Amino acid sequence: MWFLNRFDTESAVNNVPMVVRLTGTLDIPAMDTAVKDVLARHEVLRTRYPEVDGVGFQEILSVSEVGIDLAPESVEVDRVGV
């Protein structure tokens, strides 16, 4: 992954942006628990490839090290691109 990024630094091939439209009341603590459960089960979601002195290496973070902001944000429909 590190090599591929260095080979093509402009590629976002492994990024999957998405929008989720929710209605009703959102149970943020339940969503936080569910996301952390998925992170705990899948190391690939906690993996990054830092570089030290020009050498890349794989680093798998703990769930607590992964900073995810699950705060809801209202967005106007015309900004979503639906």
# chains A, B, ... in the order shown; residues from 1 in each chain; ligands from 1
$ select_by_dssp --residues "chain A" --states "alpha helix (DSSP H)" --output "VMD selection string"
chain A and resid 2 to 7 28 to 41 77 to 80
$ select_by_dssp --residues "chain A" --states "strand (DSSP E)" --output "number ranges by chain"
A: 47-48, 51-52, 55-56, 59-60
$ write_last_selection --atoms "N, CA and C atoms" --output "compact mmCIF listing (two decimals), in the first residue's frame"
# COMPACT_ATOMS: atom_id res chain seq x y z
N THR A 47 -5.31 0.24 9.89
CA THR A 47 -3.94 0.15 9.40
C THR A 47 -3.55 1.41 8.66
N ARG A 48 -2.33 1.85 8.94
CA ARG A 48 -1.77 2.97 8.19
C ARG A 48 -0.33 2.61 7.81
N GLU A 51 5.97 6.52 7.06
CA GLU A 51 7.30 6.46 6.46
C GLU A 51 8.31 7.05 7.44
N VAL A 52 9.42 6.35 7.64
CA VAL A 52 10.51 6.84 8.48
C VAL A 52 11.81 6.71 7.68
N VAL A 55 11.54 4.88 4.40
CA VAL A 55 11.12 3.48 4.41
C VAL A 55 9.71 3.39 5.00
N GLY A 56 8.81 2.82 4.24
CA GLY A 56 7.44 2.66 4.71
C GLY A 56 7.27 1.38 5.49
N GLU A 59 1.54 -0.17 10.13
CA GLU A 59 1.26 0.04 11.55
C GLU A 59 -0.23 -0.18 11.78
N ILE A 60 -0.55 -1.11 12.67
CA ILE A 60 -1.94 -1.39 12.99
C ILE A 60 -2.24 -0.74 14.33
$ closest_residue --among "A:Leu39, A:Val75, A:Ala30, A:Val20" --to "Leu61 (chain A)" --atoms "only C-alpha atoms"
A:Leu39
$ residues_around --residues "Asp69 (chain A)" --least-positions-apart "6" --cutoff "12 Å" --atoms "only C-alpha atoms" --output "mmCIF file with N, CA and C atoms, in the first residue's frame"
data_model
loop_
_atom_site.group_PDB
_atom_site.id
_atom_site.type_symbol
_atom_site.label_atom_id
_atom_site.label_comp_id
_atom_site.auth_asym_id
_atom_site.auth_seq_id
_atom_site.Cartn_x
_atom_site.Cartn_y
_atom_site.Cartn_z
ATOM 1 N N ILE A 28 -26.469 8.122 18.909
ATOM 2 C CA ILE A 28 -25.035 8.270 18.683
ATOM 3 C C ILE A 28 -24.212 7.276 19.493
ATOM 4 N N PRO A 29 -24.521 7.042 20.784
ATOM 5 C CA PRO A 29 -23.739 6.032 21.520
ATOM 6 C C PRO A 29 -23.840 4.631 20.894
ATOM 7 N N MET A 31 -24.374 3.988 17.688
ATOM 8 C CA MET A 31 -23.606 4.034 16.453
ATOM 9 C C MET A 31 -22.111 3.968 16.760
ATOM 10 N N ASP A 32 -21.665 4.662 17.787
ATOM 11 C CA ASP A 32 -20.264 4.641 18.202
ATOM 12 C C ASP A 32 -19.843 3.220 18.577
ATOM 13 N N VAL A 35 -19.593 1.071 15.333
ATOM 14 C CA VAL A 35 -18.405 1.386 14.533
ATOM 15 C C VAL A 35 -17.151 0.832 15.206
ATOM 16 N N LYS A 36 -17.054 0.979 16.509
ATOM 17 C CA LYS A 36 -15.892 0.446 17.229
ATOM 18 C C LYS A 36 -15.842 -1.074 17.152
#
$ closest_residue --among "A:Asp78, A:Asp27, A:His42, A:Tyr49" --to "Leu4 (chain A)" --atoms "only C-alpha atoms"
A:Tyr49
$ residues_around --residues "Arg41 (chain A)" --least-positions-apart "6" --cutoff "12 Å" --atoms "only C-alpha atoms" --output "list in words"
Ala34, Val35, Ser62 and Val63 of chain A
$ atom_distance --atom1 "CA of Asn14 (chain A)" --atom2 "CA of Ser64 (chain A)"
22.7 Å
$ residues_around --residues "Val80 (chain A)" --least-positions-apart "5" --cutoff "12 Å" --atoms "only C-alpha atoms" --output "list in words"
Pro17, Met18, Val19, Val20, Arg21, Glu73, Ser74 and Val75 of chain A
$ write_last_selection --atoms "N, CA and C atoms" --output "PDB file, in the first residue's frame"
ATOM      1  N   PRO A  17     -15.534   7.415  -0.365  1.00  0.00           N
ATOM      2  CA  PRO A  17     -16.400   8.405   0.271  1.00  0.00           C
ATOM      3  C   PRO A  17     -17.861   8.024   0.067  1.00  0.00           C
ATOM      4  N   MET A  18     -18.671   8.297   1.066  1.00  0.00           N
ATOM      5  CA  MET A  18     -20.090   7.991   0.926  1.00  0.00           C
ATOM      6  C   MET A  18     -20.904   8.910   1.815  1.00  0.00           C
ATOM      7  N   VAL A  19     -22.143   9.011   1.458  1.00  0.00           N
ATOM      8  CA  VAL A  19     -23.095   9.809   2.216  1.00  0.00           C
ATOM      9  C   VAL A  19     -24.213   8.883   2.653  1.00  0.00           C
ATOM     10  N   VAL A  20     -24.622   9.031   3.895  1.00  0.00           N
ATOM     11  CA  VAL A  20     -25.729   8.240   4.413  1.00  0.00           C
ATOM     12  C   VAL A  20     -26.805   9.210   4.874  1.00  0.00           C
ATOM     13  N   ARG A  21     -27.986   9.061   4.316  1.00  0.00           N
ATOM     14  CA  ARG A  21     -29.095   9.917   4.723  1.00  0.00           C
ATOM     15  C   ARG A  21     -29.892   9.177   5.790  1.00  0.00           C
ATOM     16  N   GLU A  73     -23.778  15.849  11.151  1.00  0.00           N
ATOM     17  CA  GLU A  73     -23.617  17.151  10.521  1.00  0.00           C
ATOM     18  C   GLU A  73     -24.710  17.306   9.467  1.00  0.00           C
ATOM     19  N   SER A  74     -25.483  18.354   9.597  1.00  0.00           N
ATOM     20  CA  SER A  74     -26.524  18.621   8.602  1.00  0.00           C
ATOM     21  C   SER A  74     -25.883  19.245   7.365  1.00  0.00           C
ATOM     22  N   VAL A  75     -26.276  18.741   6.208  1.00  0.00           N
ATOM     23  CA  VAL A  75     -25.735  19.229   4.943  1.00  0.00           C
ATOM     24  C   VAL A  75     -26.894  19.475   3.998  1.00  0.00           C
TER      25      VAL A  75
END
$ atom_distance --atom1 "CA of Val38 (chain A)" --atom2 "CA of Glu65 (chain A)"
14.3 Å
$ closest_residue --among "A:Gln58, A:Asn15, A:Thr33, A:Asn5" --to "Leu70 (chain A)" --atoms "only C-alpha atoms"
A:Thr33
$ decode --residues "region 42-75 of chain A" --atoms "N, CA, C and O atoms" --output "tab-separated table (two decimals), in the first residue's frame"
chain	number	residue	atom	x	y	z
A	42	HIS	N	-11.81	-5.73	12.18
A	42	HIS	CA	-11.12	-5.60	10.89
A	42	HIS	C	-9.87	-4.72	11.01
A	42	HIS	O	-9.95	-3.50	10.96
A	43	GLU	N	-8.72	-5.37	11.14
A	43	GLU	CA	-7.46	-4.64	11.27
A	43	GLU	C	-7.20	-3.69	10.11
A	43	GLU	O	-6.61	-2.64	10.29
A	44	VAL	N	-7.65	-4.07	8.93
A	44	VAL	CA	-7.39	-3.25	7.75
A	44	VAL	C	-7.95	-1.83	7.91
A	44	VAL	O	-7.41	-0.87	7.37
A	45	LEU	N	-9.01	-1.68	8.69
A	45	LEU	CA	-9.60	-0.36	8.91
A	45	LEU	C	-8.79	0.46	9.91
A	45	LEU	O	-9.02	1.66	10.06
A	46	ARG	N	-7.86	-0.19	10.61
A	46	ARG	CA	-7.02	0.49	11.59
A	46	ARG	C	-5.56	0.55	11.14
A	46	ARG	O	-4.68	0.87	11.91
A	47	THR	N	-5.31	0.24	9.89
A	47	THR	CA	-3.94	0.15	9.40
A	47	THR	C	-3.55	1.41	8.66
A	47	THR	O	-4.32	1.97	7.88
A	48	ARG	N	-2.33	1.85	8.94
A	48	ARG	CA	-1.77	2.97	8.19
A	48	ARG	C	-0.33	2.61	7.81
A	48	ARG	O	0.24	1.66	8.33
A	49	TYR	N	0.22	3.37	6.89
A	49	TYR	CA	1.54	3.08	6.35
A	49	TYR	C	2.43	4.31	6.46
A	49	TYR	O	2.65	5.02	5.49
A	50	PRO	N	2.97	4.56	7.64
A	50	PRO	CA	3.84	5.72	7.80
A	50	PRO	C	5.21	5.48	7.15
A	50	PRO	O	5.53	4.34	6.76
A	51	GLU	N	5.97	6.52	7.06
A	51	GLU	CA	7.30	6.46	6.46
A	51	GLU	C	8.31	7.05	7.44
A	51	GLU	O	8.08	8.12	8.00
A	52	VAL	N	9.42	6.35	7.64
A	52	VAL	CA	10.51	6.84	8.48
A	52	VAL	C	11.81	6.71	7.68
A	52	VAL	O	12.14	5.62	7.23
A	53	ASP	N	12.47	7.81	7.48
A	53	ASP	CA	13.73	7.83	6.72
A	53	ASP	C	13.58	7.19	5.35
A	53	ASP	O	14.46	6.45	4.89
A	54	GLY	N	12.46	7.45	4.69
A	54	GLY	CA	12.24	6.94	3.34
A	54	GLY	C	11.81	5.50	3.26
A	54	GLY	O	11.70	4.94	2.17
A	55	VAL	N	11.54	4.88	4.40
A	55	VAL	CA	11.12	3.48	4.41
A	55	VAL	C	9.71	3.39	5.00
A	55	VAL	O	9.47	3.83	6.12
A	56	GLY	N	8.81	2.82	4.24
A	56	GLY	CA	7.44	2.66	4.71
A	56	GLY	C	7.27	1.38	5.49
A	56	GLY	O	8.00	0.41	5.28
A	57	PHE	N	6.34	1.40	6.41
A	57	PHE	CA	6.04	0.19	7.17
A	57	PHE	C	4.57	0.19	7.55
A	57	PHE	O	3.92	1.22	7.57
A	58	GLN	N	4.07	-0.99	7.85
A	58	GLN	CA	2.67	-1.15	8.23
A	58	GLN	C	2.54	-0.96	9.73
A	58	GLN	O	3.30	-1.52	10.52
A	59	GLU	N	1.54	-0.17	10.13
A	59	GLU	CA	1.26	0.04	11.55
A	59	GLU	C	-0.23	-0.18	11.78
A	59	GLU	O	-1.06	0.47	11.16
A	60	ILE	N	-0.55	-1.11	12.67
A	60	ILE	CA	-1.94	-1.39	12.99
A	60	ILE	C	-2.24	-0.74	14.33
A	60	ILE	O	-1.64	-1.07	15.34
A	61	LEU	N	-3.17	0.20	14.32
A	61	LEU	CA	-3.54	0.93	15.51
A	61	LEU	C	-4.54	0.15	16.35
A	61	LEU	O	-5.27	-0.71	15.83
A	62	SER	N	-4.60	0.45	17.63
A	62	SER	CA	-5.66	-0.11	18.46
A	62	SER	C	-6.94	0.68	18.17
A	62	SER	O	-6.90	1.78	17.62
A	63	VAL	N	-8.05	0.11	18.56
A	63	VAL	CA	-9.33	0.80	18.33
A	63	VAL	C	-9.34	2.17	19.00
A	63	VAL	O	-9.81	3.15	18.42
A	64	SER	N	-8.77	2.25	20.20
A	64	SER	CA	-8.77	3.52	20.92
A	64	SER	C	-7.89	4.58	20.25
A	64	SER	O	-8.08	5.77	20.46
A	65	GLU	N	-6.93	4.15	19.43
A	65	GLU	CA	-6.05	5.09	18.73
A	65	GLU	C	-6.68	5.67	17.47
A	65	GLU	O	-6.20	6.67	16.94
A	66	VAL	N	-7.72	5.03	16.98
A	66	VAL	CA	-8.38	5.49	15.76
A	66	VAL	C	-9.34	6.61	16.14
A	66	VAL	O	-10.28	6.41	16.89
A	67	GLY	N	-9.08	7.78	15.62
A	67	GLY	CA	-9.94	8.92	15.94
A	67	GLY	C	-11.06	9.06	14.92
A	67	GLY	O	-10.82	9.42	13.77
A	68	ILE	N	-12.25	8.75	15.34
A	68	ILE	CA	-13.40	8.86	14.44
A	68	ILE	C	-14.40	9.82	15.07
A	68	ILE	O	-14.81	9.64	16.21
A	69	ASP	N	-14.78	10.82	14.30
A	69	ASP	CA	-15.77	11.80	14.76
A	69	ASP	C	-17.12	11.41	14.18
A	69	ASP	O	-17.34	11.52	12.97
A	70	LEU	N	-18.01	10.92	15.01
A	70	LEU	CA	-19.32	10.48	14.55
A	70	LEU	C	-20.41	11.52	14.80
A	70	LEU	O	-21.59	11.20	14.69
A	71	ALA	N	-20.00	12.72	15.11
A	71	ALA	CA	-21.00	13.77	15.35
A	71	ALA	C	-21.79	14.03	14.06
A	71	ALA	O	-21.20	14.21	12.99
A	72	PRO	N	-23.10	14.02	14.14
A	72	PRO	CA	-23.91	14.28	12.94
A	72	PRO	C	-23.69	15.71	12.43
A	72	PRO	O	-23.42	16.62	13.21
A	73	GLU	N	-23.78	15.85	11.15
A	73	GLU	CA	-23.62	17.15	10.52
A	73	GLU	C	-24.71	17.31	9.47
A	73	GLU	O	-24.82	16.48	8.56
A	74	SER	N	-25.48	18.35	9.60
A	74	SER	CA	-26.52	18.62	8.60
A	74	SER	C	-25.88	19.25	7.37
A	74	SER	O	-25.05	20.14	7.47
A	75	VAL	N	-26.28	18.74	6.21
A	75	VAL	CA	-25.73	19.23	4.94
A	75	VAL	C	-26.89	19.48	4.00
A	75	VAL	O	-27.81	18.65	3.88
